[in-house]
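my_file_10.cif, holding mmCIF, C-alpha atoms:
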```cif
data_entry
#
loop_
_atom_site.label_atom_id
_atom_site.label_comp_id
_atom_site.auth_asym_id
_atom_site.auth_seq_id
_atom_site.Cartn_x
_atom_site.Cartn_y
_atom_site.Cartn_z
CA MET Q 1 78.71 131.19 73.09
CA PRO Q 2 80.32 127.88 74.15
CA SER Q 3 79.28 126.54 77.55
CA TRP Q 4 82.84 126.65 78.88
CA VAL Q 5 83.13 130.43 78.52
CA ARG Q 6 83.27 132.13 81.88
CA THR Q 7 82.26 135.72 82.32
CA ASP Q 8 84.40 137.96 84.46
CA ALA Q 9 85.24 141.62 85.07
CA ALA Q 10 87.35 141.74 81.91
CA ALA Q 11 84.42 140.59 79.72
CA ASP Q 12 84.31 143.99 77.99
CA ARG Q 13 87.62 143.43 76.29
CA PRO Q 14 88.27 140.84 73.58
CA ARG Q 15 89.69 137.59 74.88
CA ALA Q 16 91.29 134.46 73.50
CA TRP Q 17 90.72 131.00 74.97
CA LEU Q 18 93.22 128.19 74.55
CA VAL Q 19 91.51 124.90 73.73
CA GLY Q 20 93.01 121.47 73.20
CA VAL Q 21 92.04 118.67 70.84
CA ARG Q 22 92.90 115.08 71.64
CA LEU Q 23 93.19 112.95 68.49
CA ASP Q 24 95.45 110.08 69.55
CA PRO Q 25 93.65 107.46 71.67
CA GLU Q 26 97.00 106.58 73.26
CA SER Q 27 97.78 110.14 74.41
CA ALA Q 28 96.31 109.58 77.90
CA GLY Q 29 94.01 112.60 77.92
CA ASP Q 30 96.60 115.11 76.79
CA SER Q 31 95.97 117.41 73.85
CA ASP Q 32 97.63 116.58 70.56
CA LEU Q 33 96.76 119.95 69.02
CA TYR Q 34 95.61 123.32 70.26
CA THR Q 35 93.82 126.30 68.83
CA LEU Q 36 92.59 129.63 70.12
CA TYR Q 37 88.97 130.69 70.25
CA LEU Q 38 88.72 134.43 69.76
CA ASP Q 39 86.04 136.16 71.80
CA ALA Q 40 84.51 132.68 72.17
CA GLU Q 41 83.06 133.09 68.69
CA ARG Q 42 85.54 131.56 66.29
CA PRO Q 43 88.88 129.80 66.09
CA VAL Q 44 92.03 131.60 65.00
CA ALA Q 45 92.23 131.30 61.20
CA THR Q 46 94.00 132.49 58.10
CA ALA Q 47 92.64 132.39 54.55
CA GLY Q 48 89.89 129.93 55.47
CA SER Q 49 92.26 127.59 57.33
CA ILE Q 50 91.94 127.04 61.04
CA ILE Q 51 95.28 127.44 62.77
CA PHE Q 52 96.17 124.58 65.07
CA PHE Q 53 99.48 124.27 66.88
CA SER Q 54 101.36 121.45 68.53
CA ASP Q 55 102.46 123.27 71.67
CA PRO Q 56 100.66 125.92 73.76
CA ALA Q 57 103.86 127.99 73.57
CA LEU Q 58 102.96 128.60 69.90
CA ALA Q 59 99.71 130.41 70.74
CA ALA Q 60 101.24 133.85 70.11
CA ALA Q 61 102.54 132.74 66.71
CA ALA Q 62 99.08 131.43 65.82
CA LEU Q 63 97.40 134.64 66.91
CA ALA Q 64 99.88 136.68 64.86
CA ARG Q 65 98.74 134.81 61.73
CA ASP Q 66 95.01 135.45 62.14
CA ASP Q 67 93.32 137.28 59.26
CA ASP Q 68 91.98 140.00 61.57
CA PRO Q 69 94.80 142.34 62.65
CA ALA Q 70 92.61 143.64 65.49
CA VAL Q 71 92.90 140.36 67.40
CA ARG Q 72 96.66 140.17 67.25
CA ASP Q 73 97.03 142.18 70.45
CA MET Q 74 94.82 139.92 72.54
CA ALA Q 75 96.32 138.52 75.70
CA ILE Q 76 97.55 134.97 75.24
CA PRO Q 77 95.98 132.56 77.73
CA ASP Q 78 98.35 130.58 79.90
CA GLN Q 79 96.08 127.59 80.55
CA VAL Q 80 93.96 125.24 78.48
CA GLU Q 81 90.28 126.00 79.00
CA ILE Q 82 88.91 122.69 77.70
CA VAL Q 83 90.13 119.59 75.86
CA TYR Q 84 87.93 118.09 73.16
CA ASP Q 85 88.46 114.33 73.30
CA VAL Q 86 87.71 113.05 69.78
CA PRO Q 87 88.64 109.35 70.29
CA MET Q 88 86.53 109.15 73.44
CA ALA Q 89 83.58 110.80 71.69
CA LEU Q 90 83.81 108.31 68.82
CA TYR Q 91 84.09 105.40 71.27
CA LEU Q 92 81.03 106.59 73.22
CA ILE Q 93 78.95 107.00 70.06
CA ALA Q 94 79.93 103.57 68.73
CA SER Q 95 79.82 101.56 71.95
CA GLU Q 96 78.05 103.23 74.84
CA ASN Q 97 74.62 104.60 75.71
CA VAL Q 98 75.27 107.51 78.08
CA ASP Q 99 77.50 110.59 77.93
CA ARG Q 100 77.70 111.65 81.59
CA ASP Q 101 80.54 114.12 81.03
CA ALA Q 102 79.12 115.79 77.87
CA ILE Q 103 82.16 114.66 75.87
CA VAL Q 104 80.15 113.88 72.74
CA VAL Q 105 78.02 117.02 72.71
CA ASN Q 106 81.10 119.18 73.35
CA VAL Q 107 82.97 117.55 70.45
CA LEU Q 108 79.94 117.98 68.18
CA ASN Q 109 79.52 121.64 69.10
CA VAL Q 110 83.17 122.47 68.48
CA LEU Q 111 83.06 120.49 65.24
CA PHE Q 112 80.10 122.64 64.13
CA ASP Q 113 82.07 125.81 65.00
CA LEU Q 114 85.18 124.62 63.17
CA LEU Q 115 83.21 123.65 60.07
CA LYS Q 116 81.52 127.05 60.08
CA ALA Q 117 84.91 128.75 60.29
CA THR Q 118 86.21 126.84 57.27
CA GLY Q 119 83.21 127.69 55.12
CA VAL Q 120 82.99 124.07 53.97
CA PRO Q 121 79.45 123.39 52.77
CA TRP Q 122 77.71 120.66 54.72
CA ILE Q 123 76.66 117.50 52.98
CA ALA Q 124 72.91 117.28 53.63
CA SER Q 125 73.08 113.69 54.89
CA VAL Q 126 75.75 114.65 57.45
CA LYS Q 127 73.79 117.65 58.69
CA ASP Q 128 70.61 115.55 58.86
CA VAL Q 129 72.39 113.03 61.09
CA LEU Q 130 74.47 115.29 63.37
CA TYR Q 131 72.11 118.18 64.15
CA PRO Q 132 69.29 116.04 65.56
CA PHE Q 133 71.82 113.97 67.52
CA ALA Q 134 73.40 117.11 69.02
CA ASP Q 135 69.92 118.43 69.85
CA HIS Q 136 69.13 115.16 71.63
CA LEU Q 137 72.39 115.31 73.62
CA THR Q 138 71.68 118.90 74.65
CA PHE Q 139 68.75 117.67 76.71
CA SER Q 140 69.72 114.11 77.63
CA GLN Q 141 72.90 112.31 78.63
CA GLU Q 142 71.31 109.03 77.56
CA PHE Q 143 71.59 108.53 73.82
CA GLY Q 144 71.59 104.75 73.28
CA THR Q 145 67.83 104.56 72.88
CA TYR Q 146 67.94 107.40 70.32
CA LEU Q 147 70.73 105.78 68.29
CA ASP Q 148 69.37 102.24 68.48
CA ALA Q 149 65.83 103.29 67.45
CA VAL Q 150 66.97 103.24 63.81
CA SER Q 151 69.07 100.41 62.42
CA GLY Q 152 72.55 101.62 61.47
CA ARG Q 153 72.16 105.06 63.06
CA ARG Q 154 75.23 104.64 65.31
CA GLN Q 155 77.44 104.01 62.30
CA GLU Q 156 75.83 106.91 60.42
CA VAL Q 157 76.70 109.24 63.31
CA VAL Q 158 80.27 107.93 63.50
CA ASN Q 159 80.65 108.36 59.73
CA ALA Q 160 79.23 111.88 59.89
CA VAL Q 161 81.65 112.88 62.67
CA LEU Q 162 84.54 111.44 60.67
CA TRP Q 163 83.42 113.42 57.60
CA GLY Q 164 83.43 116.59 59.71
CA ILE Q 165 86.89 115.87 61.10
CA GLY Q 166 88.17 115.28 57.58
CA ALA Q 167 86.62 118.52 56.33
CA VAL Q 168 88.25 120.46 59.17
CA ALA Q 169 91.61 118.72 58.69
CA SER Q 170 91.60 119.56 54.99
CA HIS Q 171 91.16 123.22 55.93
CA ALA Q 172 93.74 123.39 58.71
CA THR Q 173 97.20 124.77 59.16
CA VAL Q 174 99.32 123.18 61.87
CA LEU Q 175 102.14 125.22 63.38
CA ARG Q 176 105.04 123.21 64.72
CA ASP Q 177 107.35 126.15 65.38
CA ALA Q 178 107.07 129.94 65.69
CA ASP Q 179 108.55 130.66 62.26
CA PRO Q 180 106.04 132.95 60.51
CA GLY Q 181 106.86 131.45 57.09
#
```
Would you mind writing the file's structure down as structure tokens?
Amino acid sequence: MPSWVRTDAAADRPRAWLVGVRLDPESAGDSDLYTLYLDAERPVATAGSIIFFSDPALAAAALARDDDPAVRDMAIPDQVEIVYDVPMALYLIASENVDRDAIVVNVLNVLFDLLKATGVPWIASVKDVLYPFADHLTFSQEFGTYLDAVSGRRQEVVNAVLWGIGAVASHATVLRDADPG
């Protein structure tokens, strides 16, 4: 279960979480796309495509398109639970040594979830680079020593993240309006 999931009295009933993804480095921290996590286990999806949307007001339309009819009656969240900042994560990996706010590990973990939801098979070299890096970040905010211990590792990690983003993007549907067609 993702670290941002809060437990509460309504934990017995299925719940959707609204999450944002920042892709544009010029967007000043705002989300460029959104998706819903259903029961904190998976993103909303249809036919192997993750459903993203450009405006939180489209959350109900996204939920209505999910493959599982049982989730279509979930309450729609009215606030964004977390924003995954992809440009900042890439900047930190390429140029910094410490991830004090867990931006990188959060982006990696959601990337793993999204790739799992698409069913895209991992390229071994990508998995071999990202999993150990995510494991390292789980226990340490400092990552520069880890990356710089092997020549070219920073670029390998950046390339692996970009591969993952491309794999998710190629298996994504983006809603721009509520039209079900």
Excluding range 22-37 of chain Q and its own-chain neighbours fewer than 3 positions away, which residues fall within 8 Å of it when counting all atoms listed in the file? Please give them as JSON, numbers by chain. {"Q": [16, 17, 18, 19, 40, 41, 42, 43, 44, 51, 52, 53, 54, 55, 56, 59, 62, 63, 83, 84, 85, 86, 87, 88]}
Interatomic distance, CA of Ala75 in chain Q to CA of Ala178 in chain Q (Å, one decimal):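 That distance, rounded to one decimal, is 17.0 Å.
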Residue with smallest distance to Val104 in chain Q - pool Q:Ser49, Q:Val80, Q:Val161, Q:Leu58, counting all atoms listed in the file: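 Nearest candidate to Val104 in chain Q out of Q:Ser49, Q:Val80, Q:Val161, Q:Leu58: Q:Val161.
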Kindly indicate which residue among Q:Val157, Q:Asp135, Q:Tyr146, Q:Asp39 lies nearest to Ala70 in chain Q, using all atoms listed in the file for the distances.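 Checking each of Q:Val157, Q:Asp135, Q:Tyr146, Q:Asp39 against Ala70 in chain Q, counting all atoms listed in the file, the winner is Q:Asp39.
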Of Q:Arg176, Q:Arg15, Q:His171, Q:His136, the one sitting nearest Asp99 in chain Q when using all atoms listed in the file is Q:His136
Quick one: distance from CA of Asp177 in chain Q to CA of Asp68 in chain Q in Å, one decimal?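 Result for CA of Asp177 in chain Q versus CA of Asp68 in chain Q: 21.0 Å, one decimal.
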Can you work out the spacing between CA of Ser151 in chain Q and CA of Ala134 in chain Q in Å, to one decimal?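 Separation between CA of Ser151 in chain Q and CA of Ala134 in chain Q: 18.5 Å.
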Please evaluate the PyMOL selection byres ((chain Q and resi 172) around 10) against the displayed coordinates and give the resulting residues as a ChimeraX atom specification. /Q:45-52,114,118,166-171,173-175
Taking all atoms of range 115-129 of chain Q that the file lists, what box with edges along x, y and z, padded by 5 Å per side, do you get, with centre and edge lengths in Å to one decimal, as AutoDock Vina command-line options?
```
--center_x 78.4 --center_y 120.9 --center_z 56.9 --size_x 25.6 --size_y 25.7 --size_z 18.3
```
Please write the residues picked by the PyMOL selection byres ((chain Q and resi 158) around 10) on this file as a VMD selection string. chain Q and resid 89 to 94 129 to 130 153 to 157 159 to 164
